[in-house]
Amino acid sequence: MPDTPIVVTVDGPAASGKGTIARRLAEHLGFAYLDTGLLYRAVARRVIDGNGDPADSDSAVRAARALEAAELAGEGLRDETVADAASVVAADAGVRAALLDFQRAFAAAPPNAAPGAVLDGRDIGTAVCPDAEVKLFLDASPEVRARRRVRELRERGSNAIYAAVLRDMETRDARDRDRAVAPLAPAEDAFVIDTSTMNADEVFREALAHFDAQTTSRK
Ligand code: DC
């Protein structure tokens with residue numbers, strides 16, 4: 001077992017396939033897994049539940065500072081209203097700063113003494129864990145991602161409309177990419193995978209091959 005945990009970062013826009021791959025890598029490697037989007041969603045949920053405005057920095061920062069780990073398993077975090085508010089609170093520098101320690105602590109000392117951690121998000125390879133050994137960045141065209149999201153929403157019983165999902169996704173992507181703090185972008189040393197024409201098994205194989213190549217010296 002390595003002395004220091006191996007950190008794997010998986011960044012990318014919504015519905016790029018990063019969650020699926022990150023979860024699968026963690027399971028395969030016996031690593032701990034953190035979906036960092038849940039942190040921003042849980043902050044948004046707190047603000048909404050308190051009838052606050054996600055764009056109001058004071059409310060959002062207060063919610064981020066008060067956040068407890070148990071809230072990451074809360075109900076309704078996958079709703080579109082929460083996703084939208086999450087991209088608003090995520091643009092706030094104070095919110096991002098308040099969530100930094102939790103993410104870094106998870107990577108440095110993964111729960112259950114796991115030998116490594118996989119974190120997925122938007123800024124993990126660039127801002128949260130810039131020294132991570134393995135960095136992946138998953139991308140896909142907006143149309144492909146919107147189709148995936150529609151399928152996901154319909155499986156959950158919603159009658160999602162493609163055009164609306166695509167429009168909302170492009171709005172949130174722009175907010176994530178254009179914000180001043182920790183914008184969505186691949187780290188210089190990230191391995192970029194365009195998943196537009198790949199299935200989950202193909203992406204997983206590429207991701208694992210990259211992991212193996214980056215960590216051979218550890219074995
Ligand atoms: O991955 P997701 O859809 O659950 O993320 C919800 C929002 O949180 C999304 O708008 C981007 C933001 N986010 C972020 O800014 N940084 C992260 N590390 C993870 C998510």
# chains A, B, ... in the order shown; residues from 1 in each chain; ligands from 1
$ residues_near_ligand --ligand "ligand 1" --cutoff "6 Å" --atoms "only C-alpha atoms and all ligand atoms" --output "list in words"
Ala14, Thr36, Gly37, Leu38, Tyr40, Arg41, Ala83, Ala86, Ser87, Ala90, Gly121, Arg122, Asp123, Ile124, Arg172 and Asp176 of chain A
$ write_last_selection --atoms "N, CA and C atoms" --output "mmCIF file, in the first residue's frame"
data_model
loop_
_atom_site.group_PDB
_atom_site.id
_atom_site.type_symbol
_atom_site.label_atom_id
_atom_site.label_comp_id
_atom_site.auth_asym_id
_atom_site.auth_seq_id
_atom_site.Cartn_x
_atom_site.Cartn_y
_atom_site.Cartn_z
ATOM 1 N N ALA A 14 -21.312 19.066 -17.196
ATOM 2 C CA ALA A 14 -22.455 18.212 -16.850
ATOM 3 C C ALA A 14 -22.680 17.147 -17.918
ATOM 4 N N THR A 36 -18.040 15.995 -5.863
ATOM 5 C CA THR A 36 -17.980 17.334 -5.261
ATOM 6 C C THR A 36 -19.144 18.227 -5.699
ATOM 7 N N GLY A 37 -19.811 17.867 -6.800
ATOM 8 C CA GLY A 37 -20.988 18.624 -7.227
ATOM 9 C C GLY A 37 -22.061 18.599 -6.148
ATOM 10 N N LEU A 38 -22.079 17.498 -5.382
ATOM 11 C CA LEU A 38 -23.072 17.382 -4.302
ATOM 12 C C LEU A 38 -22.891 18.453 -3.247
ATOM 13 N N TYR A 40 -21.954 21.593 -3.767
ATOM 14 C CA TYR A 40 -22.584 22.821 -4.267
ATOM 15 C C TYR A 40 -24.101 22.672 -4.311
ATOM 16 N N ARG A 41 -24.543 21.454 -4.641
ATOM 17 C CA ARG A 41 -25.995 21.198 -4.658
ATOM 18 C C ARG A 41 -26.572 21.295 -3.239
ATOM 19 N N ALA A 83 -29.919 22.065 -9.291
ATOM 20 C CA ALA A 83 -28.753 22.135 -10.186
ATOM 21 C C ALA A 83 -28.518 23.563 -10.644
ATOM 22 N N ALA A 86 -27.256 25.585 -7.831
ATOM 23 C CA ALA A 86 -25.890 25.143 -7.512
ATOM 24 C C ALA A 86 -24.873 25.865 -8.396
ATOM 25 N N SER A 87 -25.208 26.052 -9.663
ATOM 26 C CA SER A 87 -24.239 26.716 -10.545
ATOM 27 C C SER A 87 -24.129 28.202 -10.189
ATOM 28 N N ALA A 90 -21.994 28.251 -6.907
ATOM 29 C CA ALA A 90 -20.635 27.787 -7.224
ATOM 30 C C ALA A 90 -19.758 28.903 -7.793
ATOM 31 N N GLY A 121 -15.574 16.662 -10.373
ATOM 32 C CA GLY A 121 -16.104 18.022 -10.262
ATOM 33 C C GLY A 121 -15.749 18.861 -11.459
ATOM 34 N N ARG A 122 -15.430 20.120 -11.195
ATOM 35 C CA ARG A 122 -15.098 21.044 -12.292
ATOM 36 C C ARG A 122 -13.668 21.582 -12.163
ATOM 37 N N ASP A 123 -13.199 21.677 -10.921
ATOM 38 C CA ASP A 123 -11.925 22.363 -10.645
ATOM 39 C C ASP A 123 -11.007 21.499 -9.788
ATOM 40 N N ILE A 124 -11.224 20.197 -9.779
ATOM 41 C CA ILE A 124 -10.453 19.361 -8.852
ATOM 42 C C ILE A 124 -8.986 19.292 -9.290
ATOM 43 N N ARG A 172 -25.832 26.859 -17.821
ATOM 44 C CA ARG A 172 -25.036 26.482 -16.644
ATOM 45 C C ARG A 172 -23.568 26.267 -17.009
ATOM 46 N N ASP A 176 -20.320 28.074 -15.403
ATOM 47 C CA ASP A 176 -19.189 27.321 -14.837
ATOM 48 C C ASP A 176 -17.867 27.684 -15.524
#
$ select_by_dssp --residues "segment 58-108 of chain A" --states "helix (DSSP H, G or I)" --output "PyMOL selection string"
chain A and resi 58-66+69-73+80-89+93-108
$ closest_residue --among "A:Val82, A:Ala140, A:Ala164, A:Ala127" --to "Arg104 of chain A" --atoms "only C-alpha atoms"
A:Ala127
$ atom_distance --atom1 "atom CA of Val95 of chain A" --atom2 "atom CA of Asp53 of chain A"
13.8 Å
$ closest_residue --among "A:Ala187, A:Ala146, A:Leu72, A:Leu208" --to "Ile161 of chain A" --atoms "only C-alpha atoms"
A:Ala146
$ residues_around --residues "Tyr162 of chain A" --least-positions-apart "4" --cutoff "7 Å" --atoms "only C-alpha atoms" --output "list of chain:residue names"
A:Ala146, A:Arg147, A:Val150, A:Leu166
$ residues_around --residues "Phe31 of chain A" --least-positions-apart "4" --cutoff "8 Å" --atoms "only C-alpha atoms" --output "mmCIF file with all heavy atoms, in the first residue's frame"
data_model
loop_
_atom_site.group_PDB
_atom_site.id
_atom_site.type_symbol
_atom_site.label_atom_id
_atom_site.label_comp_id
_atom_site.auth_asym_id
_atom_site.auth_seq_id
_atom_site.Cartn_x
_atom_site.Cartn_y
_atom_site.Cartn_z
ATOM 1 N N LEU A 25 -14.169 3.851 -11.392
ATOM 2 C CA LEU A 25 -12.730 3.782 -11.092
ATOM 3 C C LEU A 25 -12.523 3.535 -9.600
ATOM 4 O O LEU A 25 -11.714 2.692 -9.199
ATOM 5 C CB LEU A 25 -12.036 5.098 -11.466
ATOM 6 C CG LEU A 25 -11.576 5.298 -12.896
ATOM 7 C CD1 LEU A 25 -11.014 6.705 -13.054
ATOM 8 C CD2 LEU A 25 -10.525 4.255 -13.308
ATOM 9 N N ALA A 26 -13.279 4.281 -8.785
ATOM 10 C CA ALA A 26 -13.132 4.150 -7.332
ATOM 11 C C ALA A 26 -13.462 2.721 -6.890
ATOM 12 O O ALA A 26 -12.721 2.121 -6.103
ATOM 13 C CB ALA A 26 -14.036 5.154 -6.625
ATOM 14 N N GLU A 27 -14.530 2.188 -7.436
ATOM 15 C CA GLU A 27 -14.939 0.824 -7.074
ATOM 16 C C GLU A 27 -13.876 -0.180 -7.487
ATOM 17 O O GLU A 27 -13.465 -1.038 -6.711
ATOM 18 C CB GLU A 27 -16.239 0.527 -7.803
ATOM 19 C CG GLU A 27 -17.131 -0.479 -7.103
ATOM 20 C CD GLU A 27 -18.493 -0.477 -7.771
ATOM 21 O OE1 GLU A 27 -19.254 0.487 -7.541
ATOM 22 O OE2 GLU A 27 -18.752 -1.402 -8.546
ATOM 23 N N PRO A 110 -8.430 9.621 2.819
ATOM 24 C CA PRO A 110 -9.725 9.079 2.381
ATOM 25 C C PRO A 110 -10.386 8.240 3.477
ATOM 26 O O PRO A 110 -9.692 7.576 4.257
ATOM 27 C CB PRO A 110 -9.346 8.189 1.186
ATOM 28 C CG PRO A 110 -7.981 8.612 0.776
ATOM 29 C CD PRO A 110 -7.317 9.160 1.993
ATOM 30 N N ALA A 114 -8.891 4.094 2.903
ATOM 31 C CA ALA A 114 -8.728 3.652 1.500
ATOM 32 C C ALA A 114 -7.369 4.129 0.987
ATOM 33 O O ALA A 114 -6.881 5.186 1.405
ATOM 34 C CB ALA A 114 -9.852 4.240 0.648
ATOM 35 N N PRO A 115 -6.743 3.340 0.087
ATOM 36 C CA PRO A 115 -5.404 3.719 -0.402
ATOM 37 C C PRO A 115 -5.408 4.883 -1.385
ATOM 38 O O PRO A 115 -4.353 5.324 -1.831
ATOM 39 C CB PRO A 115 -4.913 2.433 -1.084
ATOM 40 C CG PRO A 115 -6.149 1.680 -1.424
ATOM 41 C CD PRO A 115 -7.190 2.038 -0.410
ATOM 42 N N GLY A 116 -6.583 5.369 -1.735
ATOM 43 C CA GLY A 116 -6.647 6.490 -2.659
ATOM 44 C C GLY A 116 -8.037 7.078 -2.693
ATOM 45 O O GLY A 116 -8.955 6.574 -2.040
ATOM 46 N N ALA A 117 -8.180 8.184 -3.436
ATOM 47 C CA ALA A 117 -9.479 8.839 -3.539
ATOM 48 C C ALA A 117 -9.706 9.312 -4.970
ATOM 49 O O ALA A 117 -8.762 9.741 -5.650
ATOM 50 C CB ALA A 117 -9.530 10.025 -2.583
ATOM 51 N N VAL A 118 -10.936 9.197 -5.411
ATOM 52 C CA VAL A 118 -11.338 9.741 -6.706
ATOM 53 C C VAL A 118 -12.328 10.861 -6.418
ATOM 54 O O VAL A 118 -13.309 10.660 -5.709
ATOM 55 C CB VAL A 118 -12.032 8.669 -7.590
ATOM 56 C CG1 VAL A 118 -12.375 9.257 -8.956
ATOM 57 C CG2 VAL A 118 -11.174 7.414 -7.737
#
$ select_by_dssp --residues "segment 29-206 of chain A" --states "strand (DSSP E)" --output "list in words"
Ala32, Tyr33, Leu34, Asp35, Gly116, Ala117, Val118, Leu119, Asp120, Gly121, Val134, Lys135, Leu136, Phe137, Leu138, Asp139, Phe191, Val192, Ile193 and Asp194 of chain A
$ residues_around --residues "Ala113 of chain A" --least-positions-apart "3" --cutoff "12 Å" --atoms "only C-alpha atoms" --output "PyMOL selection string"
chain A and resi 1-6+30-32+106-110+116-117
$ closest_atom_pairs --of "segment 76-178 of chain A" --to "segment 197-204 of chain A" --cutoff "12 Å" --atoms "only C-alpha atoms" --output "CSV"
residue,atom,partner,partner_atom,distance
A:Leu136,CA,A:Val203,CA,10.8
A:Phe137,CA,A:Val203,CA,11.2
A:Leu138,CA,A:Val203,CA,9.0
A:Asp139,CA,A:Thr197,CA,10.8
A:Ala140,CA,A:Thr197,CA,8.3
A:Ser141,CA,A:Thr197,CA,9.6
A:Glu143,CA,A:Thr197,CA,11.7
A:Val144,CA,A:Thr197,CA,8.6
A:Arg145,CA,A:Thr197,CA,11.0
A:Arg148,CA,A:Asn199,CA,11.5
$ atom_distance --atom1 "atom CA of Thr9 of chain A" --atom2 "atom CA of Cys129 of chain A"
7.6 Å
$ closest_residue --among "A:Ala63, A:Glu68, A:Arg45, A:Val7" --to "Leu29 of chain A" --atoms "only C-alpha atoms"
A:Val7
$ closest_residue --among "A:Val89, A:Ile193, A:Asp178, A:Leu153" --to "Arg205 of chain A" --atoms "only C-alpha atoms"
A:Ile193
$ atom_distance --atom1 "atom CA of Glu152 of chain A" --atom2 "atom CA of Leu39 of chain A"
20.6 Å
$ closest_residue --among "A:Ala132, A:Ala163, A:Ala60, A:Ala174" --to "Ala190 of chain A" --atoms "only C-alpha atoms"
A:Ala132
$ decode --residues "segment 138-154 of chain A" --atoms "all heavy atoms" --output "JSON list (two decimals), in the first residue's frame"
[["chain", "number", "residue", "atom", "x", "y", "z"],
["A", 138, "LEU", "N", -13.12, 14.86, -18.79],
["A", 138, "LEU", "CA", -14.06, 14.28, -19.74],
["A", 138, "LEU", "C", -14.90, 15.37, -20.39],
["A", 138, "LEU", "O", -15.34, 16.30, -19.70],
["A", 138, "LEU", "CB", -14.98, 13.28, -19.02],
["A", 138, "LEU", "CG", -14.51, 11.82, -19.00],
["A", 138, "LEU", "CD1", -13.09, 11.69, -18.48],
["A", 138, "LEU", "CD2", -15.44, 10.94, -18.20],
["A", 139, "ASP", "N", -15.10, 15.24, -21.70],
["A", 139, "ASP", "CA", -15.91, 16.23, -22.40],
["A", 139, "ASP", "C", -16.79, 15.52, -23.41],
["A", 139, "ASP", "O", -16.55, 14.34, -23.72],
["A", 139, "ASP", "CB", -14.98, 17.25, -23.09],
["A", 139, "ASP", "CG", -15.63, 18.62, -23.18],
["A", 139, "ASP", "OD1", -16.85, 18.71, -22.95],
["A", 139, "ASP", "OD2", -14.93, 19.60, -23.48],
["A", 140, "ALA", "N", -17.77, 16.20, -23.93],
["A", 140, "ALA", "CA", -18.62, 15.70, -25.02],
["A", 140, "ALA", "C", -19.37, 16.90, -25.55],
["A", 140, "ALA", "O", -19.49, 17.93, -24.87],
["A", 140, "ALA", "CB", -19.60, 14.65, -24.50],
["A", 141, "SER", "N", -19.89, 16.78, -26.77],
["A", 141, "SER", "CA", -20.60, 17.93, -27.36],
["A", 141, "SER", "C", -21.84, 18.24, -26.52],
["A", 141, "SER", "O", -22.40, 17.34, -25.88],
["A", 141, "SER", "CB", -21.02, 17.60, -28.79],
["A", 141, "SER", "OG", -22.06, 16.63, -28.75],
["A", 142, "PRO", "N", -22.29, 19.51, -26.53],
["A", 142, "PRO", "CA", -23.48, 19.85, -25.76],
["A", 142, "PRO", "C", -24.69, 19.02, -26.16],
["A", 142, "PRO", "O", -25.49, 18.62, -25.31],
["A", 142, "PRO", "CB", -23.72, 21.33, -26.11],
["A", 142, "PRO", "CG", -22.41, 21.84, -26.60],
["A", 142, "PRO", "CD", -21.68, 20.67, -27.20],
["A", 143, "GLU", "N", -24.83, 18.72, -27.45],
["A", 143, "GLU", "CA", -25.99, 17.95, -27.92],
["A", 143, "GLU", "C", -25.98, 16.54, -27.34],
["A", 143, "GLU", "O", -27.00, 16.04, -26.87],
["A", 143, "GLU", "CB", -26.01, 17.87, -29.47],
["A", 143, "GLU", "CG", -26.27, 19.21, -30.16],
["A", 143, "GLU", "CD", -25.06, 20.15, -30.15],
["A", 143, "GLU", "OE1", -23.93, 19.69, -29.90],
["A", 143, "GLU", "OE2", -25.26, 21.37, -30.39],
["A", 144, "VAL", "N", -24.81, 15.91, -27.36],
["A", 144, "VAL", "CA", -24.71, 14.55, -26.80],
["A", 144, "VAL", "C", -25.01, 14.59, -25.31],
["A", 144, "VAL", "O", -25.74, 13.75, -24.78],
["A", 144, "VAL", "CB", -23.30, 13.96, -27.06],
["A", 144, "VAL", "CG1", -23.04, 12.71, -26.22],
["A", 144, "VAL", "CG2", -23.10, 13.66, -28.53],
["A", 145, "ARG", "N", -24.47, 15.58, -24.61],
["A", 145, "ARG", "CA", -24.67, 15.66, -23.17],
["A", 145, "ARG", "C", -26.13, 15.92, -22.83],
["A", 145, "ARG", "O", -26.67, 15.37, -21.89],
["A", 145, "ARG", "CB", -23.74, 16.72, -22.58],
["A", 145, "ARG", "CG", -22.27, 16.31, -22.70],
["A", 145, "ARG", "CD", -21.34, 17.23, -21.96],
["A", 145, "ARG", "NE", -21.21, 18.54, -22.55],
["A", 145, "ARG", "CZ", -21.64, 19.66, -22.01],
["A", 145, "ARG", "NH1", -22.22, 19.65, -20.83],
["A", 145, "ARG", "NH2", -21.47, 20.81, -22.62],
["A", 146, "ALA", "N", -26.78, 16.78, -23.65],
["A", 146, "ALA", "CA", -28.19, 17.07, -23.40],
["A", 146, "ALA", "C", -29.03, 15.81, -23.63],
["A", 146, "ALA", "O", -29.96, 15.53, -22.86],
["A", 146, "ALA", "CB", -28.67, 18.20, -24.29],
["A", 147, "ARG", "N", -28.70, 15.02, -24.65],
["A", 147, "ARG", "CA", -29.45, 13.78, -24.90],
["A", 147, "ARG", "C", -29.30, 12.82, -23.72],
["A", 147, "ARG", "O", -30.25, 12.20, -23.29],
["A", 147, "ARG", "CB", -28.98, 13.10, -26.20],
["A", 147, "ARG", "CG", -29.69, 13.64, -27.44],
["A", 147, "ARG", "CD", -29.59, 12.68, -28.61],
["A", 147, "ARG", "NE", -28.22, 12.50, -29.08],
["A", 147, "ARG", "CZ", -27.61, 13.33, -29.94],
["A", 147, "ARG", "NH1", -28.25, 14.39, -30.41],
["A", 147, "ARG", "NH2", -26.37, 13.10, -30.31],
["A", 148, "ARG", "N", -28.07, 12.73, -23.19],
["A", 148, "ARG", "CA", -27.82, 11.85, -22.03],
["A", 148, "ARG", "C", -28.64, 12.32, -20.84],
["A", 148, "ARG", "O", -29.23, 11.52, -20.12],
["A", 148, "ARG", "CB", -26.34, 11.88, -21.64],
["A", 148, "ARG", "CG", -25.46, 11.12, -22.59],
["A", 148, "ARG", "CD", -24.01, 11.23, -22.11],
["A", 148, "ARG", "NE", -23.09, 10.67, -23.06],
["A", 148, "ARG", "CZ", -21.80, 11.00, -23.15],
["A", 148, "ARG", "NH1", -21.30, 11.92, -22.34],
["A", 148, "ARG", "NH2", -21.03, 10.43, -24.03],
["A", 149, "ARG", "N", -28.66, 13.64, -20.61],
["A", 149, "ARG", "CA", -29.37, 14.18, -19.47],
["A", 149, "ARG", "C", -30.88, 13.94, -19.60],
["A", 149, "ARG", "O", -31.56, 13.59, -18.64],
["A", 149, "ARG", "CB", -29.05, 15.68, -19.33],
["A", 149, "ARG", "CG", -29.66, 16.42, -18.16],
["A", 149, "ARG", "CD", -29.55, 15.78, -16.81],
["A", 149, "ARG", "NE", -28.22, 15.41, -16.36],
["A", 149, "ARG", "CZ", -27.37, 16.18, -15.73],
["A", 149, "ARG", "NH1", -27.67, 17.42, -15.46],
["A", 149, "ARG", "NH2", -26.20, 15.72, -15.34],
["A", 150, "VAL", "N", -31.40, 14.09, -20.84],
["A", 150, "VAL", "CA", -32.84, 13.85, -21.07],
["A", 150, "VAL", "C", -33.17, 12.40, -20.73],
["A", 150, "VAL", "O", -34.15, 12.12, -20.03],
["A", 150, "VAL", "CB", -33.22, 14.16, -22.55],
["A", 150, "VAL", "CG1", -34.60, 13.61, -22.88],
["A", 150, "VAL", "CG2", -33.18, 15.66, -22.80],
["A", 151, "ARG", "N", -32.32, 11.48, -21.18],
["A", 151, "ARG", "CA", -32.55, 10.05, -20.90],
["A", 151, "ARG", "C", -32.58, 9.81, -19.38],
["A", 151, "ARG", "O", -33.47, 9.15, -18.86],
["A", 151, "ARG", "CB", -31.44, 9.21, -21.54],
["A", 151, "ARG", "CG", -31.89, 7.78, -21.85],
["A", 151, "ARG", "CD", -30.79, 6.95, -22.49],
["A", 151, "ARG", "NE", -30.10, 7.61, -23.58],
["A", 151, "ARG", "CZ", -28.77, 7.72, -23.69],
["A", 151, "ARG", "NH1", -27.97, 7.22, -22.77],
["A", 151, "ARG", "NH2", -28.23, 8.33, -24.72],
["A", 152, "GLU", "N", -31.61, 10.41, -18.70],
["A", 152, "GLU", "CA", -31.51, 10.27, -17.24],
["A", 152, "GLU", "C", -32.77, 10.80, -16.54],
["A", 152, "GLU", "O", -33.33, 10.15, -15.68],
["A", 152, "GLU", "CB", -30.34, 11.16, -16.82],
["A", 152, "GLU", "CG", -29.36, 10.61, -15.82],
["A", 152, "GLU", "CD", -28.23, 11.63, -15.68],
["A", 152, "GLU", "OE1", -28.35, 12.58, -14.87],
["A", 152, "GLU", "OE2", -27.25, 11.51, -16.43],
["A", 153, "LEU", "N", -33.20, 12.00, -16.98],
["A", 153, "LEU", "CA", -34.37, 12.62, -16.35],
["A", 153, "LEU", "C", -35.63, 11.80, -16.61],
["A", 153, "LEU", "O", -36.47, 11.62, -15.73],
["A", 153, "LEU", "CB", -34.56, 14.06, -16.86],
["A", 153, "LEU", "CG", -33.50, 15.07, -16.41],
["A", 153, "LEU", "CD1", -33.59, 16.37, -17.20],
["A", 153, "LEU", "CD2", -33.65, 15.37, -14.92],
["A", 154, "ARG", "N", -35.75, 11.28, -17.85],
["A", 154, "ARG", "CA", -36.93, 10.48, -18.19],
["A", 154, "ARG", "C", -36.95, 9.18, -17.40],
["A", 154, "ARG", "O", -38.01, 8.73, -16.97],
["A", 154, "ARG", "CB", -37.00, 10.21, -19.69],
["A", 154, "ARG", "CG", -37.36, 11.49, -20.43],
["A", 154, "ARG", "CD", -37.71, 11.25, -21.89],
["A", 154, "ARG", "NE", -38.01, 12.53, -22.53],
["A", 154, "ARG", "CZ", -37.85, 12.79, -23.81],
["A", 154, "ARG", "NH1", -37.39, 11.83, -24.62],
["A", 154, "ARG", "NH2", -38.14, 13.96, -24.31]]
